[in-house]
file work-v3.cif (mmCIF, C-alpha atoms and all ligand atoms)
data_structure
#
loop_
_atom_site.label_atom_id
_atom_site.label_comp_id
_atom_site.auth_asym_id
_atom_site.auth_seq_id
_atom_site.Cartn_x
_atom_site.Cartn_y
_atom_site.Cartn_z
CA MET L 1 129.10 110.09 -2.33
CA PRO L 2 129.22 108.06 -5.60
CA VAL L 3 129.78 104.77 -3.80
CA THR L 4 128.35 102.71 -6.64
CA LYS L 5 131.42 103.47 -8.77
CA PHE L 6 133.84 102.00 -6.24
CA SER L 7 135.32 98.58 -6.91
CA PHE L 8 135.44 95.92 -4.20
CA VAL L 9 139.16 96.67 -3.67
CA ASP L 10 138.35 100.40 -3.30
CA LYS L 11 135.78 99.52 -0.67
CA ILE L 12 138.26 97.34 1.24
CA ILE L 13 140.79 100.20 1.22
CA MET L 14 138.11 102.67 2.38
CA THR L 15 137.18 100.31 5.19
CA ILE L 16 140.77 99.86 6.38
CA ASP L 17 141.31 103.63 6.15
CA ASN L 18 138.17 104.27 8.20
CA GLY L 19 139.20 101.69 10.78
CA ILE L 20 142.61 103.31 11.26
CA ARG L 21 141.03 106.78 11.52
CA ALA L 22 138.33 105.64 13.94
CA VAL L 23 140.65 103.77 16.27
CA LEU L 24 144.06 105.42 16.01
CA THR L 25 143.60 109.06 15.01
CA GLU L 26 141.53 112.10 15.93
CA PRO L 27 138.48 112.24 13.65
CA ILE L 28 137.51 115.61 12.16
CA PRO L 29 133.89 116.55 12.98
CA GLN L 30 131.62 118.24 10.43
CA ARG L 31 129.54 119.97 13.11
CA VAL L 32 130.59 122.11 16.05
CA ASN L 33 130.88 120.23 19.33
CA PRO L 34 127.64 121.08 21.25
CA ALA L 35 129.63 121.14 24.51
CA LYS L 36 131.37 124.32 23.33
CA LEU L 37 128.25 126.29 24.38
CA GLU L 38 128.55 125.10 27.99
CA ASN L 39 130.91 126.25 30.73
CA GLU L 40 133.21 123.75 32.38
CA ALA L 41 131.81 122.71 35.76
CA LEU L 42 133.85 122.28 38.92
CA LEU L 43 134.02 118.52 39.24
CA THR L 44 135.63 116.47 41.99
CA LYS L 45 138.28 113.93 41.01
CA SER L 46 135.85 111.03 41.28
CA GLU L 47 133.21 112.89 39.24
CA ARG L 48 135.77 113.57 36.49
CA THR L 49 136.79 109.91 36.51
CA LYS L 50 133.15 108.83 36.27
CA SER L 51 132.37 111.26 33.44
CA ALA L 52 135.48 110.19 31.53
CA ALA L 53 134.55 106.52 31.94
CA LEU L 54 130.99 107.09 30.70
CA MET L 55 132.21 109.14 27.74
CA ARG L 56 134.76 106.40 26.99
CA VAL L 57 131.89 103.91 26.77
CA ASN L 58 130.03 106.27 24.41
CA HIS L 59 133.16 106.73 22.31
CA THR L 60 133.59 102.97 21.94
CA GLY L 61 129.91 102.69 21.00
CA GLU L 62 130.66 105.04 18.12
CA VAL L 63 133.74 103.03 17.11
CA CYS L 64 131.50 99.95 17.00
CA ALA L 65 128.81 101.80 14.99
CA GLN L 66 131.39 102.81 12.37
CA ALA L 67 132.65 99.23 12.10
CA LEU L 68 129.17 97.70 11.97
CA TYR L 69 127.93 100.00 9.22
CA LEU L 70 131.07 99.67 7.11
CA GLY L 71 130.94 95.89 7.44
CA GLN L 72 127.32 95.91 6.34
CA ALA L 73 128.05 98.36 3.48
CA LEU L 74 130.83 96.17 2.13
CA VAL L 75 128.40 93.34 1.35
CA ALA L 76 125.12 95.28 0.89
CA LYS L 77 123.02 94.04 -2.03
CA SER L 78 121.77 97.37 -3.39
CA SER L 79 123.64 100.61 -3.99
CA PHE L 80 120.78 102.41 -2.17
CA THR L 81 121.42 100.46 1.04
CA ARG L 82 125.19 100.76 0.63
CA THR L 83 124.96 104.53 0.29
CA ALA L 84 122.64 104.75 3.31
CA LEU L 85 125.13 102.73 5.38
CA TYR L 86 128.14 104.79 4.31
CA GLN L 87 126.19 107.94 5.16
CA ALA L 88 125.22 106.53 8.56
CA ALA L 89 128.88 105.72 9.30
CA GLU L 90 129.96 109.18 8.21
CA GLU L 91 127.38 110.86 10.43
CA GLU L 92 128.69 108.94 13.44
CA THR L 93 132.10 110.60 12.94
CA ASP L 94 130.88 113.75 14.71
CA HIS L 95 129.90 111.68 17.75
CA LEU L 96 133.26 109.97 17.71
CA ALA L 97 135.08 113.31 17.62
CA TRP L 98 132.91 114.99 20.29
CA CYS L 99 133.33 112.09 22.73
CA GLN L 100 137.08 111.98 22.13
CA GLU L 101 137.39 115.72 22.76
CA ARG L 102 135.41 115.49 25.98
CA ILE L 103 137.44 112.52 27.24
CA GLN L 104 140.62 114.54 26.70
CA GLU L 105 139.15 117.54 28.56
CA LEU L 106 138.31 115.26 31.49
CA GLY L 107 141.84 113.86 31.50
CA GLY L 108 140.68 110.35 30.57
CA HIS L 109 141.62 107.97 27.79
CA THR L 110 139.74 106.15 25.04
CA SER L 111 139.34 102.39 25.47
CA TYR L 112 142.48 100.30 24.97
CA LEU L 113 140.17 97.62 23.59
CA ASN L 114 138.92 99.72 20.67
CA PRO L 115 140.88 97.80 17.98
CA LEU L 116 139.30 94.60 19.28
CA TRP L 117 135.79 96.11 19.30
CA TYR L 118 136.30 97.50 15.81
CA VAL L 119 137.30 94.12 14.35
CA GLY L 120 134.52 92.28 16.22
CA SER L 121 131.85 94.79 15.20
CA PHE L 122 133.06 94.75 11.62
CA GLY L 123 132.63 90.96 11.58
CA ILE L 124 129.10 91.28 13.00
CA GLY L 125 128.38 93.95 10.37
CA LEU L 126 129.50 91.56 7.62
CA LEU L 127 127.20 88.84 8.97
CA ALA L 128 124.23 91.24 9.16
CA GLY L 129 125.07 92.64 5.72
CA ILE L 130 125.05 89.33 3.88
CA LEU L 131 121.39 88.88 4.78
CA GLU L 132 118.71 90.61 2.75
CA ASP L 133 118.99 94.40 2.87
CA LYS L 134 115.74 94.70 4.84
CA TRP L 135 117.38 92.74 7.70
CA SER L 136 120.60 94.70 7.41
CA LEU L 137 118.66 97.96 7.70
CA GLY L 138 116.61 96.42 10.50
CA PHE L 139 119.89 95.79 12.28
CA VAL L 140 120.70 99.51 11.96
CA VAL L 141 117.26 100.40 13.40
CA GLU L 142 117.79 98.12 16.40
CA THR L 143 121.39 99.27 16.95
CA GLU L 144 120.32 102.91 16.97
CA ASN L 145 117.34 102.21 19.24
CA GLN L 146 119.56 100.41 21.75
CA VAL L 147 122.21 103.16 21.61
CA GLU L 148 119.56 105.83 22.17
CA LYS L 149 118.21 103.96 25.19
CA HIS L 150 121.71 103.57 26.57
CA LEU L 151 122.48 107.30 26.06
CA LYS L 152 119.32 108.27 27.92
CA LYS L 153 120.55 106.19 30.87
CA HIS L 154 123.94 107.94 30.71
CA LEU L 155 122.17 111.30 30.96
CA GLN L 156 120.98 110.18 34.39
CA ASP L 157 124.31 108.60 35.37
CA LEU L 158 126.56 111.56 34.50
CA PRO L 159 127.43 113.90 37.39
CA PHE L 160 124.61 116.44 37.72
CA GLN L 161 126.74 119.53 37.01
CA ASP L 162 128.69 118.06 34.05
CA ARG L 163 126.69 119.98 31.45
CA LYS L 164 129.40 119.66 28.80
CA SER L 165 129.22 115.86 28.67
CA LYS L 166 125.43 115.97 28.93
CA ARG L 167 125.09 118.33 25.96
CA ILE L 168 127.11 115.92 23.81
CA VAL L 169 125.05 112.94 24.94
CA GLU L 170 121.77 114.84 24.37
CA GLU L 171 122.80 115.73 20.83
CA MET L 172 123.95 112.18 20.12
CA SER L 173 120.70 110.78 21.45
CA LYS L 174 118.70 113.03 19.11
CA ASP L 175 120.85 111.97 16.15
CA GLU L 176 120.55 108.25 16.97
CA ALA L 177 116.75 108.52 17.10
CA HIS L 178 116.87 110.17 13.68
CA HIS L 179 119.20 107.45 12.33
CA ALA L 180 116.76 104.77 13.50
CA ILE L 181 113.85 106.49 11.76
CA THR L 182 115.87 106.93 8.55
CA ALA L 183 116.86 103.24 8.46
CA LYS L 184 113.27 102.21 9.15
CA ARG L 185 112.00 104.40 6.32
CA ALA L 186 114.69 102.96 4.02
CA GLY L 187 113.04 99.54 4.51
CA GLY L 188 114.44 98.14 7.75
CA SER L 189 112.46 95.18 9.13
CA ASP L 190 111.83 94.48 12.79
CA LEU L 191 114.40 91.88 13.95
CA PRO L 192 113.41 88.68 15.78
CA TYR L 193 113.37 89.04 19.58
CA PHE L 194 116.30 86.67 20.24
CA ILE L 195 118.55 88.67 17.87
CA LYS L 196 117.65 91.85 19.75
CA ARG L 197 118.50 90.11 23.03
CA MET L 198 121.84 88.89 21.64
CA MET L 199 122.65 92.43 20.52
CA ALA L 200 121.76 93.81 23.95
CA LEU L 201 123.91 91.18 25.67
CA SER L 202 126.98 91.87 23.52
CA ALA L 203 126.48 95.61 24.08
CA LYS L 204 126.41 94.92 27.83
CA VAL L 205 129.78 93.13 27.61
CA MET L 206 131.21 96.08 25.69
CA THR L 207 129.87 98.79 28.01
CA THR L 208 130.91 96.97 31.19
CA THR L 209 134.51 96.31 30.14
CA THR L 210 135.02 99.68 28.43
CA TYR L 211 133.96 101.55 31.56
CA TYR L 212 137.18 100.32 33.21
CA ILE L 213 139.62 99.63 30.35
FE FE D 301 126.35 107.84 17.11
FE FE D 302 123.66 106.60 14.93
#
call {"tool": "encode", "arguments": {"input": "work-v3.cif", "output": "structure tokens", "more": "lines below"}}
Ligand SMILES: [Fe+2]
Ligand SMILES: [Fe+2]
result
Amino acid sequence: MPVTKFSFVDKIIMTIDNGIRAVLTEPIPQRVNPAKLENEALLTKSERTKSAALMRVNHTGEVCAQALYLGQALVAKSSFTRTALYQAAEEETDHLAWCQERIQELGGHTSYLNPLWYVGSFGIGLLAGILEDKWSLGFVVETENQVEKHLKKHLQDLPFQDRKSKRIVEEMSKDEAHHAITAKRAGGSDLPYFIKRMMALSAKVMTTTTYYI
């Protein structure tokens, strides 16, 4: 994507467009949903509700990832970092679409708070992005590491027989690990401990509220 040729106004329009697509529409995935290879399990009502709630949390995590990376990209210093961030955001679109599809299959809904999370995450992305690129990329590394850890926990929390949701989470987890490695190789620095703790705490607020709303 020739992002270096875009003006600041172009980038603002792209960001608003992405925000509307991430929060209000159905994103179009580039890859086939991995859950398609699995048969639908017989789930009880409470198991379906639990799976839908966990997948809603994962969906909101992806909404936040899009917003973070686009916020960072908007103010990135180098075109190399900007391109890497736009690519990272684009790759998260598959996750967004897969989670949304699974939530619909389970009869659930995406979080009503997504617009709020998008705006908040975009603001955090801007703050991370105005720092040196090595910190901005370090923020991507830490975000992806925390998301991967969280997804691994969801693999244990999901109802045992819900293979469809698990396949999606497994694939996402693999991708997030790869995203972390890519950002590290691009020059991401290890963030200070208290920043990592702050990130984990805000993620906790998001995951706890989104599970219910
Ligand atoms: Fe993701
Ligand atoms: Fe990711």
call {"tool": "atom_distance", "arguments": {"input": "work-v3.cif", "atom1": "atom CA of Ser165 of chain L", "atom2": "atom CA of Tyr86 of chain L"}}
result
26.8 Å
call {"tool": "atom_distance", "arguments": {"input": "work-v3.cif", "atom1": "atom CA of Ala177 of chain L", "atom2": "atom CA of Ser202 of chain L"}}
result
20.6 Å
call {"tool": "residues_near_ligand", "arguments": {"input": "work-v3.cif", "ligand": "ligand FE 301 (chain D)", "cutoff": "8 Å", "atoms": "only C-alpha atoms and all ligand atoms", "output": "PyMOL selection string"}}
result
chain L and resi 61-62+65+91-96+144+147+172-173+175-176
call {"tool": "residues_around", "arguments": {"input": "work-v3.cif", "residues": "segment 74-85 of chain L", "least_positions_apart": "5", "cutoff": "12 Å", "atoms": "only C-alpha atoms", "output": "VMD selection string"}}
result
chain L and resid 1 to 16 65 to 69 90 to 92 122 to 141 179 to 180 182 to 188
call {"tool": "closest_residue", "arguments": {"input": "work-v3.cif", "among": "L:Ala88, L:Met206, L:Ile168, L:Ala200", "to": "ligand FE 302 (chain D)", "atoms": "all atoms listed in the file"}}
result
L:Ala88
call {"tool": "closest_residue", "arguments": {"input": "work-v3.cif", "among": "L:Leu43, L:Met55, L:Leu201, L:Leu116", "to": "Glu101 of chain L", "atoms": "only C-alpha atoms"}}
result
L:Met55
call {"tool": "atom_distance", "arguments": {"input": "work-v3.cif", "atom1": "atom CA of Leu151 of chain L", "atom2": "atom CA of Leu42 of chain L"}}
result
22.8 Å
call {"tool": "residues_around", "arguments": {"input": "work-v3.cif", "residues": "Gln156 of chain L", "least_positions_apart": "4", "cutoff": "12 Å", "atoms": "only C-alpha atoms", "output": "list in words"}}
result
Ser51, Leu54, Lys149, His150, Leu151, Lys152, Phe160, Gln161, Asp162, Arg163, Ser165, Lys166, Val169 and Glu170 of chain L
call {"tool": "residues_around", "arguments": {"input": "work-v3.cif", "residues": "Ala97 of chain L", "least_positions_apart": "5", "cutoff": "12 Å", "atoms": "all atoms listed in the file", "output": "ChimeraX atom specification"}}
result
/L:21-23,25-35,55-56,58-60,62-63,90-92,102-104,110,168,172
call {"tool": "axis_aligned_box", "arguments": {"input": "work-v3.cif", "around": "segment 53-60 of chain L", "padding_each_side": "3 Å", "output": "lines of an AutoDock Vina configuration file"}}
result
center_x = 132.4
center_y = 106.1
center_z = 26.9
size_x = 10.7
size_y = 12.2
size_z = 16.0
call {"tool": "closest_residue", "arguments": {"input": "work-v3.cif", "among": "L:Leu155, L:Val119, L:Cys64, L:Ile213", "to": "ligand FE 302 (chain D)", "atoms": "only C-alpha atoms and all ligand atoms"}}
result
L:Cys64
call {"tool": "closest_residue", "arguments": {"input": "work-v3.cif", "among": "L:Arg48, L:His154, L:Lys196, L:Lys174", "to": "ligand FE 302 (chain D)", "atoms": "all atoms listed in the file"}}
result
L:Lys174
call {"tool": "closest_residue", "arguments": {"input": "work-v3.cif", "among": "L:Thr143, L:Thr208, L:Thr49, L:Ser189", "to": "ligand FE 302 (chain D)", "atoms": "all atoms listed in the file"}}
result
L:Thr143
call {"tool": "closest_residue", "arguments": {"input": "work-v3.cif", "among": "L:Glu142, L:Asp190, L:Glu105, L:Glu47", "to": "Asp157 of chain L", "atoms": "all atoms listed in the file"}}
result
L:Glu47
call {"tool": "decode", "arguments": {"input": "work-v3.cif", "residues": "segment 198-211 of chain L", "atoms": "N, CA, C and O atoms", "output": "short mmCIF file (atom, residue, chain, number, x, y, z; two decimals), in the first residue's frame"}}
result
data_model
loop_
_atom_site.label_atom_id
_atom_site.label_comp_id
_atom_site.auth_asym_id
_atom_site.auth_seq_id
_atom_site.Cartn_x
_atom_site.Cartn_y
_atom_site.Cartn_z
N MET L 198 -0.08 -0.86 33.13
CA MET L 198 -1.21 0.03 32.79
C MET L 198 -2.01 -0.55 31.63
O MET L 198 -3.24 -0.51 31.61
N MET L 199 -1.28 -1.08 30.64
CA MET L 199 -1.95 -1.68 29.48
C MET L 199 -2.78 -2.88 29.90
O MET L 199 -3.92 -3.06 29.46
N ALA L 200 -2.21 -3.70 30.79
CA ALA L 200 -2.92 -4.90 31.25
C ALA L 200 -4.17 -4.51 32.05
O ALA L 200 -5.23 -5.13 31.91
N LEU L 201 -4.04 -3.43 32.84
CA LEU L 201 -5.19 -3.00 33.65
C LEU L 201 -6.31 -2.47 32.77
O LEU L 201 -7.49 -2.78 32.98
N SER L 202 -5.96 -1.65 31.75
CA SER L 202 -7.02 -1.12 30.89
C SER L 202 -7.65 -2.25 30.07
O SER L 202 -8.86 -2.24 29.82
N ALA L 203 -6.85 -3.25 29.71
CA ALA L 203 -7.40 -4.41 28.98
C ALA L 203 -8.38 -5.17 29.87
O ALA L 203 -9.42 -5.65 29.41
N LYS L 204 -8.06 -5.21 31.16
CA LYS L 204 -8.93 -5.92 32.12
C LYS L 204 -10.30 -5.23 32.21
O LYS L 204 -11.34 -5.89 32.24
N VAL L 205 -10.27 -3.89 32.23
CA VAL L 205 -11.53 -3.13 32.28
C VAL L 205 -12.35 -3.44 31.03
O VAL L 205 -13.56 -3.69 31.09
N MET L 206 -11.67 -3.46 29.89
CA MET L 206 -12.37 -3.72 28.62
C MET L 206 -12.96 -5.13 28.61
O MET L 206 -14.15 -5.31 28.31
N THR L 207 -12.15 -6.12 28.96
CA THR L 207 -12.64 -7.51 28.85
C THR L 207 -13.78 -7.79 29.85
O THR L 207 -14.73 -8.48 29.53
N THR L 208 -13.68 -7.20 31.03
CA THR L 208 -14.71 -7.45 32.05
C THR L 208 -16.05 -6.84 31.64
O THR L 208 -17.10 -7.47 31.74
N THR L 209 -16.03 -5.59 31.16
CA THR L 209 -17.30 -4.94 30.81
C THR L 209 -17.89 -5.54 29.53
O THR L 209 -19.10 -5.77 29.45
N THR L 210 -17.01 -5.83 28.55
CA THR L 210 -17.50 -6.32 27.27
C THR L 210 -18.11 -7.72 27.38
O THR L 210 -18.97 -8.09 26.59
N TYR L 211 -17.69 -8.47 28.36
CA TYR L 211 -18.26 -9.82 28.56
C TYR L 211 -19.78 -9.72 28.76
O TYR L 211 -20.53 -10.59 28.33
#
